[in-house]
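Source file: run22.cif (mmCIF, C-alpha atoms)
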data_coords
loop_
_atom_site.label_atom_id
_atom_site.label_comp_id
_atom_site.auth_asym_id
_atom_site.auth_seq_id
_atom_site.Cartn_x
_atom_site.Cartn_y
_atom_site.Cartn_z
CA MET X 1 100.80 118.06 139.24
CA LEU X 2 97.42 116.74 140.37
CA TYR X 3 96.47 115.83 136.81
CA THR X 4 99.84 114.22 136.11
CA ALA X 5 99.23 112.05 139.16
CA HIS X 6 95.87 111.01 137.71
CA PHE X 7 97.49 109.96 134.41
CA GLY X 8 100.22 108.18 136.37
CA ALA X 9 97.61 106.34 138.42
CA ALA X 10 95.89 105.25 135.20
CA VAL X 11 99.17 103.79 133.90
CA LEU X 12 99.78 102.01 137.19
CA GLY X 13 96.24 100.61 137.13
CA CYS X 14 96.76 99.41 133.56
CA TYR X 15 100.00 97.73 134.54
CA LEU X 16 98.27 95.87 137.35
CA ILE X 17 95.35 94.76 135.16
CA ALA X 18 97.69 93.64 132.39
CA LEU X 19 99.78 91.71 134.91
CA ALA X 20 96.66 90.08 136.33
CA MET X 21 95.37 89.14 132.87
CA LEU X 22 98.69 87.62 131.82
CA ARG X 23 98.85 85.53 135.00
CA SER X 24 95.24 84.48 135.57
CA ARG X 25 93.29 81.67 134.01
CA TRP X 26 90.03 83.55 133.52
CA PRO X 27 90.93 85.22 130.19
CA ALA X 28 90.92 81.77 128.55
CA SER X 29 87.41 81.08 129.80
CA SER X 30 86.05 84.57 129.01
CA PRO X 31 88.03 85.71 125.95
CA THR X 32 85.47 88.36 124.95
CA ILE X 33 85.68 90.14 128.31
CA ALA X 34 89.47 89.86 128.26
CA ILE X 35 89.57 91.41 124.77
CA LEU X 36 87.45 94.34 126.01
CA CYS X 37 89.75 94.76 129.02
CA TRP X 38 92.81 94.88 126.77
CA GLN X 39 91.15 97.50 124.57
CA GLY X 40 90.46 99.64 127.66
CA VAL X 41 94.01 99.18 128.92
CA GLY X 42 95.46 100.02 125.50
CA LEU X 43 93.38 103.18 125.23
CA ALA X 44 94.22 104.32 128.78
CA VAL X 45 97.96 103.73 128.30
CA GLY X 46 98.01 105.53 124.97
CA LEU X 47 96.15 108.58 126.29
CA SER X 48 98.21 108.66 129.48
CA ALA X 49 101.46 108.53 127.49
CA ILE X 50 100.28 111.75 125.86
CA GLY X 51 98.83 113.13 129.09
CA ILE X 52 101.78 112.75 131.46
CA PRO X 53 104.29 115.07 129.70
CA LEU X 54 101.48 117.32 128.53
CA SER X 55 100.01 117.83 132.01
CA ILE X 56 103.44 118.62 133.53
CA GLY X 57 104.02 121.19 130.79
CA LEU X 58 100.58 122.71 131.29
CA ALA X 59 100.91 122.85 135.09
CA PRO X 60 101.30 126.70 135.17
CA TYR X 61 97.69 127.06 134.02
CA ALA X 62 96.48 125.13 137.10
CA GLU X 63 93.46 123.88 135.15
CA PRO X 64 92.49 120.41 133.90
CA PRO X 65 94.38 119.32 130.72
CA GLY X 66 91.44 119.99 128.39
CA THR X 67 90.92 123.55 129.61
CA SER X 68 94.68 124.22 129.79
CA LEU X 69 95.15 123.14 126.19
CA ARG X 70 92.39 125.51 125.10
CA LEU X 71 93.94 128.39 127.10
CA LEU X 72 97.36 127.61 125.59
CA ALA X 73 95.90 127.68 122.10
CA GLU X 74 94.27 131.05 122.81
CA ASP X 75 97.51 132.43 124.26
CA LEU X 76 99.52 131.18 121.27
CA ALA X 77 97.01 132.77 118.91
CA GLY X 78 97.21 136.02 120.88
CA GLY X 79 101.01 135.90 120.79
CA ARG X 80 101.54 136.25 124.57
CA LEU X 81 102.35 133.37 126.86
CA PRO X 82 102.06 133.49 130.68
CA ALA X 83 105.36 134.32 132.39
CA GLU X 84 105.33 131.08 134.43
CA LEU X 85 105.35 129.02 131.22
CA GLY X 86 109.07 128.38 130.65
CA VAL X 87 111.02 126.65 127.89
CA GLY X 88 110.93 123.41 129.91
CA HIS X 89 107.15 123.53 130.04
CA LEU X 90 106.89 124.15 126.32
CA ALA X 91 109.31 121.27 125.64
CA LEU X 92 107.17 118.87 127.70
CA ILE X 93 104.02 120.02 125.92
CA SER X 94 105.76 119.29 122.62
CA VAL X 95 106.76 115.83 123.87
CA GLY X 96 103.14 115.09 124.77
CA LEU X 97 101.84 116.25 121.40
CA GLY X 98 104.70 114.36 119.74
CA VAL X 99 103.69 111.11 121.45
CA GLY X 100 100.16 111.69 120.20
CA ALA X 101 101.43 112.26 116.68
CA VAL X 102 103.56 109.09 116.78
CA LEU X 103 100.61 106.99 117.99
CA PHE X 104 98.36 108.46 115.33
CA TRP X 105 101.00 107.95 112.64
CA SER X 106 101.75 104.35 113.61
CA THR X 107 98.05 103.50 113.60
CA GLY X 108 97.75 104.96 110.12
CA SER X 109 100.88 103.15 109.01
CA SER X 110 99.60 99.82 110.38
CA LEU X 111 96.33 100.35 108.53
CA ARG X 112 98.12 101.21 105.30
CA HIS X 113 100.43 98.23 105.61
CA ALA X 114 97.52 95.85 106.26
CA PHE X 115 95.48 97.39 103.46
CA ARG X 116 98.27 96.91 100.94
CA ALA X 117 99.04 93.36 102.06
CA ARG X 118 95.35 92.42 101.77
CA GLN X 119 95.00 94.00 98.34
CA ARG X 120 97.97 91.96 97.20
CA GLN X 121 96.41 88.82 98.69
CA ARG X 122 93.10 89.46 96.94
CA ASP X 123 94.80 90.17 93.60
CA LEU X 124 96.86 87.00 93.75
CA LEU X 125 93.97 84.89 95.05
CA ALA X 126 91.83 86.05 92.13
CA LEU X 127 94.48 84.65 89.79
CA VAL X 128 95.54 81.39 91.41
CA ALA X 129 92.90 80.26 93.93
CA ARG X 130 89.92 78.14 92.96
CA ALA X 131 86.48 77.43 94.35
CA ASP X 132 85.87 73.87 95.50
CA PRO X 133 82.55 72.23 96.39
CA ALA X 134 84.37 70.50 99.27
CA ALA X 135 84.96 73.89 100.93
CA PRO X 136 81.86 76.03 100.38
CA GLY X 137 82.45 79.76 100.76
CA ALA X 138 86.22 79.40 100.75
CA LEU X 139 89.01 79.75 98.20
CA VAL X 140 91.35 76.82 97.73
CA LEU X 141 95.10 77.18 97.16
CA ASP X 142 96.78 74.20 95.52
CA HIS X 143 99.62 73.69 97.96
CA PRO X 144 100.49 70.57 99.96
CA SER X 145 101.04 72.37 103.30
CA ALA X 146 98.07 72.68 105.62
CA THR X 147 96.89 76.20 106.28
CA ALA X 148 93.65 78.10 106.68
CA TYR X 149 93.37 81.83 107.02
CA CYS X 150 91.15 84.81 106.54
CA VAL X 151 91.91 87.96 104.57
CA PRO X 152 89.86 90.49 106.55
CA GLY X 153 88.23 93.56 105.08
CA LEU X 154 84.98 94.75 103.59
CA ARG X 155 85.18 91.88 101.12
CA PRO X 156 86.74 89.17 103.26
CA ARG X 157 88.15 85.95 101.85
CA VAL X 158 88.49 82.66 103.66
CA VAL X 159 91.35 80.65 102.21
CA ILE X 160 92.24 77.00 102.74
CA SER X 161 95.09 75.04 101.21
CA ALA X 162 94.69 71.78 99.34
CA GLY X 163 96.92 70.25 102.04
CA ALA X 164 94.37 71.23 104.69
CA LEU X 165 91.51 69.91 102.55
CA SER X 166 93.08 66.47 102.35
CA LEU X 167 94.13 66.57 106.00
CA LEU X 168 90.73 67.29 107.53
CA PRO X 169 87.59 65.16 107.55
CA ARG X 170 84.63 67.11 106.20
CA ALA X 171 83.04 67.91 109.57
CA GLU X 172 86.32 69.25 110.96
CA LEU X 173 86.82 71.31 107.82
CA ALA X 174 83.42 72.93 108.39
CA ALA X 175 84.47 73.82 111.94
CA VAL X 176 87.68 75.41 110.67
CA LEU X 177 85.76 77.43 108.08
CA SER X 178 83.33 78.65 110.76
CA HIS X 179 86.30 79.76 112.83
CA GLU X 180 87.73 81.77 109.94
CA GLN X 181 84.36 83.26 109.06
CA ALA X 182 84.04 84.44 112.67
CA HIS X 183 87.33 86.34 112.27
CA ALA X 184 85.98 87.99 109.12
CA LYS X 185 82.52 88.77 110.47
CA GLU X 186 83.66 90.26 113.77
CA ARG X 187 86.53 92.20 112.19
CA HIS X 188 89.15 90.76 114.52
CA ASP X 189 91.75 92.59 112.47
CA LEU X 190 90.42 95.87 113.90
CA VAL X 191 90.58 94.41 117.42
CA LEU X 192 94.28 93.71 116.85
CA LEU X 193 95.01 97.02 115.11
CA PRO X 194 95.67 99.22 118.19
CA PHE X 195 98.17 96.68 119.44
CA THR X 196 99.98 96.19 116.14
CA ALA X 197 100.16 99.99 115.99
CA LEU X 198 101.64 100.12 119.53
CA VAL X 199 104.24 97.50 118.56
CA ARG X 200 105.07 99.62 115.52
CA ALA X 201 105.40 102.77 117.65
CA LEU X 202 107.44 101.05 120.38
CA PRO X 203 109.42 98.28 118.67
CA GLY X 204 111.09 95.87 121.05
CA VAL X 205 109.17 96.94 124.16
CA THR X 206 108.45 93.61 125.85
CA TRP X 207 105.18 94.66 127.44
CA VAL X 208 103.64 95.82 124.20
CA VAL X 209 104.75 92.65 122.39
CA ARG X 210 103.26 90.51 125.18
CA ALA X 211 99.99 92.43 125.03
CA LEU X 212 99.74 91.90 121.26
CA ALA X 213 100.47 88.17 121.63
CA ALA X 214 97.84 87.92 124.38
CA VAL X 215 95.17 89.70 122.33
CA ALA X 216 96.03 87.62 119.24
CA LEU X 217 95.49 84.42 121.25
CA LEU X 218 92.24 85.75 122.77
CA VAL X 219 90.94 86.57 119.30
CA GLU X 220 91.61 82.96 118.26
CA MET X 221 89.74 81.74 121.33
CA ARG X 222 86.84 84.04 120.55
CA ALA X 223 86.69 82.63 117.00
CA ASP X 224 86.89 79.10 118.45
CA ASP X 225 83.90 79.93 120.66
CA ARG X 226 81.92 81.19 117.68
CA ALA X 227 82.69 77.97 115.81
CA ARG X 228 81.63 75.98 118.89
CA ARG X 229 78.11 77.30 118.51
CA GLN X 230 77.69 75.28 115.32
CA HIS X 231 80.16 72.44 115.79
CA THR X 232 81.12 70.18 118.65
CA ASP X 233 84.12 71.04 120.80
CA GLU X 234 85.70 67.71 119.83
CA LEU X 235 85.59 68.51 116.13
CA LEU X 236 87.32 71.85 116.61
CA ALA X 237 89.89 70.44 119.02
CA ALA X 238 90.62 67.56 116.65
CA ALA X 239 90.98 69.95 113.70
CA LEU X 240 93.40 72.12 115.70
CA ALA X 241 95.49 69.18 116.79
CA ARG X 242 95.53 67.68 113.31
CA PHE X 243 96.49 71.02 111.82
CA ALA X 244 99.27 71.71 114.25
CA THR X 245 100.85 68.28 113.95
CA ALA X 246 100.65 68.09 110.17
CA PRO X 247 104.09 67.96 108.60
CA SER X 248 104.75 71.32 107.00
CA ARG X 249 106.27 71.00 103.59
CA ALA X 250 106.66 74.72 102.97
CA THR X 251 108.83 75.50 105.95
CA PRO X 252 111.76 73.78 107.59
CA ALA X 253 111.00 72.17 110.94
CA GLY X 254 111.63 74.28 114.00
CA MET X 255 111.13 77.66 112.41
CA LEU X 256 107.61 78.22 113.64
CA ALA X 257 108.08 77.65 117.34
CA ALA X 258 106.90 81.09 118.46
CA ALA X 259 103.21 80.43 119.03
CA ASP X 260 103.33 76.70 119.77
CA HIS X 261 101.96 76.93 123.27
CA ASP X 262 98.99 78.91 121.96
CA ILE X 263 97.56 75.89 120.18
CA VAL X 264 97.99 73.69 123.24
CA ALA X 265 96.14 76.32 125.28
CA ARG X 266 93.30 76.40 122.76
CA VAL X 267 92.96 72.61 122.62
CA ARG X 268 93.03 72.42 126.41
CA ARG X 269 90.22 74.94 126.87
CA LEU X 270 88.09 73.22 124.24
CA ARG X 271 88.28 70.10 126.39
CA ALA X 272 86.94 71.94 129.45
CA PRO X 273 83.27 72.90 129.72
CA LEU X 274 82.28 76.55 129.42
CA GLY X 275 81.43 77.74 132.91
CA PRO X 276 79.79 80.92 134.23
CA THR X 277 81.69 84.19 133.87
CA PRO X 278 84.22 84.40 136.71
CA LEU X 279 83.91 87.26 139.18
CA ALA X 280 87.51 88.27 138.46
CA ALA X 281 86.58 88.85 134.81
CA MET X 282 83.73 91.19 135.76
CA ALA X 283 85.98 93.04 138.21
CA ALA X 284 88.69 93.46 135.55
CA LEU X 285 86.16 94.71 133.03
CA THR X 286 84.82 97.30 135.47
CA ALA X 287 88.32 98.41 136.41
CA SER X 288 89.58 98.72 132.83
CA THR X 289 86.44 100.64 131.79
CA MET X 290 87.05 103.12 134.59
CA LEU X 291 90.74 103.33 133.69
CA ALA X 292 89.88 104.18 130.09
CA MET X 293 87.34 106.78 131.22
CA LEU X 294 89.82 108.59 133.48
CA PRO X 295 92.21 110.00 130.83
CA ILE X 296 89.27 110.69 128.48
CA ALA X 297 87.57 112.71 131.23
CA LEU X 298 90.81 114.60 131.91
CA PHE X 299 91.17 115.57 128.26
CA LEU X 300 87.53 116.67 128.08
CA ALA X 301 87.66 118.58 131.37
CA MET F 1 84.11 87.25 91.29
CA THR F 2 83.80 90.24 89.00
CA ARG F 3 83.86 89.76 85.25
CA LEU F 4 87.08 91.74 85.06
CA GLY F 5 88.66 89.53 87.69
CA GLU F 6 87.59 86.48 85.77
CA LEU F 7 89.09 87.88 82.56
CA GLU F 8 92.36 88.68 84.32
CA ARG F 9 92.51 85.10 85.44
CA ALA F 10 91.78 83.74 81.96
CA VAL F 11 94.47 85.97 80.45
CA MET F 12 97.01 84.89 83.07
CA ASP F 13 96.15 81.25 82.36
CA VAL F 14 96.92 81.83 78.68
CA LEU F 15 100.28 83.43 79.52
CA TRP F 16 101.15 80.71 82.01
CA ASP F 17 100.34 77.96 79.51
CA ARG F 18 102.67 79.44 76.88
CA SER F 19 106.40 79.04 77.18
CA GLY F 20 107.35 82.47 75.83
CA PRO F 21 105.96 86.00 75.63
CA ALA F 22 102.65 86.63 73.84
CA THR F 23 101.28 89.61 71.96
CA VAL F 24 97.78 90.94 72.59
CA ARG F 25 96.68 89.36 69.30
CA GLU F 26 98.01 85.97 70.39
CA VAL F 27 96.15 86.20 73.70
CA VAL F 28 92.92 87.17 71.89
CA ASP F 29 93.35 84.17 69.60
CA ALA F 30 94.02 81.83 72.52
CA LEU F 31 90.79 83.07 74.17
CA ASP F 32 88.94 82.33 70.96
CA GLY F 33 85.87 80.81 72.57
CA ARG F 34 85.14 83.97 74.55
CA ASP F 35 84.73 86.30 71.59
CA LEU F 36 86.64 89.18 73.17
CA ALA F 37 87.53 92.51 71.58
CA TYR F 38 91.22 93.27 71.04
CA THR F 39 90.94 96.43 73.16
CA THR F 40 89.34 94.52 76.05
CA VAL F 41 92.25 92.12 76.23
CA MET F 42 94.68 95.02 75.94
CA THR F 43 92.98 96.76 78.87
CA VAL F 44 93.16 93.59 80.96
CA LEU F 45 96.87 93.17 80.14
CA ASP F 46 97.45 96.83 81.06
CA ARG F 47 95.75 96.31 84.41
CA LEU F 48 97.81 93.19 85.05
CA ALA F 49 100.99 95.08 84.17
CA GLY F 50 99.92 97.84 86.56
CA LYS F 51 99.59 95.29 89.36
CA GLY F 52 103.01 93.88 88.52
CA MET F 53 101.61 90.50 87.49
CA VAL F 54 102.90 90.69 83.91
CA GLU F 55 105.92 92.33 82.35
CA ARG F 56 105.89 93.78 78.89
CA GLU F 57 108.60 94.24 76.33
CA ARG F 58 108.63 95.75 72.87
CA HIS F 59 109.06 93.39 69.92
CA GLY F 60 109.25 95.48 66.76
CA ARG F 61 106.01 97.46 66.65
CA ALA F 62 104.00 95.35 69.07
CA TRP F 63 104.23 94.87 72.81
CA SER F 64 104.50 91.36 74.06
CA TYR F 65 103.62 90.22 77.54
CA LEU F 66 104.89 87.53 79.86
CA PRO F 67 104.01 86.55 83.43
CA ALA F 68 106.17 88.19 86.09
CA ALA F 69 106.19 84.88 87.99
CA GLY F 70 104.83 81.38 87.61
CA ARG F 71 101.52 80.25 89.09
CA ASP F 72 103.35 78.08 91.64
CA ALA F 73 105.51 81.01 92.69
CA TYR F 74 102.38 83.06 93.48
CA ILE F 75 100.85 80.18 95.41
CA ALA F 76 104.09 79.78 97.35
CA GLN F 77 104.11 83.51 98.08
CA LEU F 78 100.55 83.41 99.43
CA MET F 79 101.41 80.38 101.55
CA LEU F 80 104.50 82.05 103.00
CA ASP F 81 102.36 85.03 103.98
CA ALA F 82 99.79 82.69 105.48
CA LEU F 83 102.33 80.65 107.40
CA ASP F 84 103.80 83.91 108.68
CA LEU F 85 107.41 82.97 108.08
CA ALA F 86 108.52 86.54 108.65
CA GLY F 87 107.10 86.17 112.16
CA GLU F 88 105.64 89.66 112.17
CA ARG F 89 102.20 89.35 113.59
CA ASP F 90 100.19 91.97 111.84
CA ALA F 91 96.51 92.42 111.33
CA ALA F 92 96.69 91.72 107.61
CA LEU F 93 95.74 88.05 107.94
CA VAL F 94 94.24 85.96 110.70
CA ARG F 95 95.36 82.35 110.70
CA PHE F 96 93.73 79.23 112.06
CA ALA F 97 96.81 77.52 113.42
CA ARG F 98 100.40 76.94 112.59
CA SER F 99 102.50 73.83 112.49
CA VAL F 100 104.24 72.99 115.72
CA THR F 101 107.19 70.75 116.44
CA GLY F 102 108.69 68.54 119.13
CA ASP F 103 107.09 68.21 122.55
CA GLU F 104 104.14 70.44 121.72
CA ALA F 105 103.30 68.25 118.75
CA ASP F 106 103.41 65.15 120.98
CA VAL F 107 101.04 66.78 123.48
CA LEU F 108 98.63 67.61 120.68
CA ARG F 109 98.86 64.14 119.15
CA ALA F 110 98.05 62.65 122.55
CA ALA F 111 95.11 65.05 122.91
CA LEU F 112 93.88 64.04 119.48
CA GLU F 113 93.95 60.35 120.40
CA ALA F 114 92.38 60.93 123.82
CA GLY F 115 89.58 62.85 122.18
CA GLY F 116 88.71 59.77 120.15
CA THR F 117 87.00 61.85 117.49
CA THR F 118 86.05 59.54 114.68
CA THR F 119 85.06 61.79 111.87
CA GLY F 120 85.99 59.61 108.96
CA GLY F 121 82.42 59.52 107.69
CA GLY F 122 82.36 63.24 107.24
CA THR F 123 79.47 63.95 109.56
CA PRO F 124 79.76 64.81 113.23
CA SER F 125 79.29 61.36 114.67
CA GLY F 126 78.72 61.01 118.41
CA LYS F 127 78.03 64.55 119.57
CA SER F 128 79.43 63.69 122.97
CA ARG F 129 79.50 66.80 125.10
CA ASP F 130 79.86 64.84 128.31
CA LYS F 131 83.21 66.12 129.40
CA ALA F 132 83.73 66.47 133.12
#

Output the file's structure in the form of structure tokens.
Amino acid sequence: MLYTAHFGAAVLGCYLIALAMLRSRWPASSPTIAILCWQGVGLAVGLSAIGIPLSIGLAPYAEPPGTSLRLLAEDLAGGRLPAELGVGHLALISVGLGVGAVLFWSTGSSLRHAFRARQRQRDLLALVARADPAAPGALVLDHPSATAYCVPGLRPRVVISAGALSLLPRAELAAVLSHEQAHAKERHDLVLLPFTALVRALPGVTWVVRALAAVALLVEMRADDRARRQHTDELLAAALARFATAPSRATPAGMLAAADHDIVARVRRLRAPLGPTPLAAMAALTASTMLAMLPIALFLA
Amino acid sequence: MTRLGELERAVMDVLWDRSGPATVREVVDALDGRDLAYTTVMTVLDRLAGKGMVERERHGRAWSYLPAAGRDAYIAQLMLDALDLAGERDAALVRFARSVTGDEADVLRAALEAGGTTTGGGTPSGKSRDKA
């Protein structure tokens, strides 16, 4: 039960860090550190979800989970299980391995889904998008609504609509393109992947959905910060505000309310100067690194 | 863009510009200036059919091809993906921003005016970084 307690402690620690990150202001000022913390938390929770049932089931071996698993495999191969290992234990071991399989499967399924959607995007873009000297390095879609997005991958595409081209002054357009190129260059799709996979594995679980929303916003902030290196904060903030308030002609009003506050948060932080890294951010990074190490160590032990 | 991609686009443009289905021969003739072999165009049409971009039907001894959807329909489809109407945040695309409505839009409009960014000239005028 000692090892189960360790996994349980890791989950509790993750809960506290996640709670702190959702309530504090520092993630908005240090999005990169916050993204790393979320990755650590995600990894620790995933491994602990496997580890808790598994370690209860393996308790009769009285060894760390890694060693116990190896002993179990040897016993199964030899065809004789220890007498203390009952049906209940075996059931819990199966649950643990099952959780692992579900997490693995949902990650693969998220990857497949994204891969197919991007292939479709690239195929269609090749047929209907055009290059435009006004938007160097980007593909232009002739549509009156304003949008800009990135199709991530090994051959990324930055896409901007004709509506956005006419909406934005040239300098703001350049800032928007830098933002999208940052998404492509830093593979923010892979940063989001573990969380989209978790949402897929646990649909409707509020905490997982909130974590994904938080990471998605942090990734936008990170891309904003990359764009800020080459463009002024005002340009980016103005582009965001202009974008968000542009009348959308593709969608009825009121349908896209889900992420509204995200844009306000991004504009607000662009209007505040970048300060030194807060102590709380460093503390959270240290804590989440240790939390991620704990279940890994248990599985290796 | 690859040469094949460019050809696919040219072939689709031919099909979109015609009102009805076209045979391979008709597409080759429409792409007269490019001096393409019949088999090349057939291969491109095959690929497009494989991707579901064109549909083919038999007319007597020859196949004729027509676009599965109009150019505008494809653009609309891409835009719907981009605007994330389905609301499922997945890692397939990463968007800059979405349209907002009501109070949030007012807040942003106010922020835009307060920022006083005059970028009409197209160059970053007044690189004022003097925010408190």

Length of the atom CA of Ala28 of chain X to atom CA of Ala280 of chain X vector [Å]: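 Atom CA of Ala280 of chain X lies at a distance of 12.3 Å from atom CA of Ala28 of chain X.
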
Gly66 of chain X environment, 8 Å, all atoms listed in the file, sequence neighbours closer than 6 positions dropped, as JSON, numbers by chain: {"X": [298, 299, 300, 301]}

The PyMOL selection byres ((chain X) within 6 of (chain F)) resolved against shown file, as a list in words: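 Going through the file, the PyMOL selection byres ((chain X) within 6 of (chain F)) ends up selecting Ala114, Leu127, Ala148, Tyr149, Cys150, Val151, Pro169, Arg170, Ala171, Asp189, Ala238, Ala241, Ala244, Thr245 and Asp260 of chain X.
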
Selection: 12 Å around Ser29 of chain X, all atoms listed in the file, excl. self and same-chain fewer than 4 positions, as a count of residues only: 27

Exercise: Gly163 of chain X partners within 8 Å, only C-alpha atoms, chain neighbours under 4 positions left out, as a list in words: Asp142, His143, Pro144, Ser145, Ala146, Thr147 and Leu167 of chain X

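Once the PyMOL selection byres ((chain X and resi 292) around 9) is applied to this file, the selection holds X:Ala10, X:Gln39, X:Gly40, X:Val41, X:Gly42, X:Leu43, X:Ala44, X:Val45, X:Leu47, X:Ala287, X:Ser288, X:Thr289, X:Met290, X:Leu291, X:Met293, X:Leu294, X:Pro295, X:Ile296, X:Ala297.
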
Take the selection from the previous step and output its residues with C-alpha atoms, as a PDB file, in the coordinates of the input.
ATOM      1  CA  ALA X  10      95.890 105.250 135.200  1.00  0.00           C
ATOM      2  CA  GLN X  39      91.150  97.500 124.570  1.00  0.00           C
ATOM      3  CA  GLY X  40      90.460  99.640 127.660  1.00  0.00           C
ATOM      4  CA  VAL X  41      94.010  99.180 128.920  1.00  0.00           C
ATOM      5  CA  GLY X  42      95.460 100.020 125.500  1.00  0.00           C
ATOM      6  CA  LEU X  43      93.380 103.180 125.230  1.00  0.00           C
ATOM      7  CA  ALA X  44      94.220 104.320 128.780  1.00  0.00           C
ATOM      8  CA  VAL X  45      97.960 103.730 128.300  1.00  0.00           C
ATOM      9  CA  LEU X  47      96.150 108.580 126.290  1.00  0.00           C
ATOM     10  CA  ALA X 287      88.320  98.410 136.410  1.00  0.00           C
ATOM     11  CA  SER X 288      89.580  98.720 132.830  1.00  0.00           C
ATOM     12  CA  THR X 289      86.440 100.640 131.790  1.00  0.00           C
ATOM     13  CA  MET X 290      87.050 103.120 134.590  1.00  0.00           C
ATOM     14  CA  LEU X 291      90.740 103.330 133.690  1.00  0.00           C
ATOM     15  CA  MET X 293      87.340 106.780 131.220  1.00  0.00           C
ATOM     16  CA  LEU X 294      89.820 108.590 133.480  1.00  0.00           C
ATOM     17  CA  PRO X 295      92.210 110.000 130.830  1.00  0.00           C
ATOM     18  CA  ILE X 296      89.270 110.690 128.480  1.00  0.00           C
ATOM     19  CA  ALA X 297      87.570 112.710 131.230  1.00  0.00           C
TER      20      ALA X 297
END

Explicit residues for the PyMOL selection byres ((chain X and resi 102) around 12) (as a PyMOL selection string): chain X and resi 46+49-50+94-101+103-110+197-202
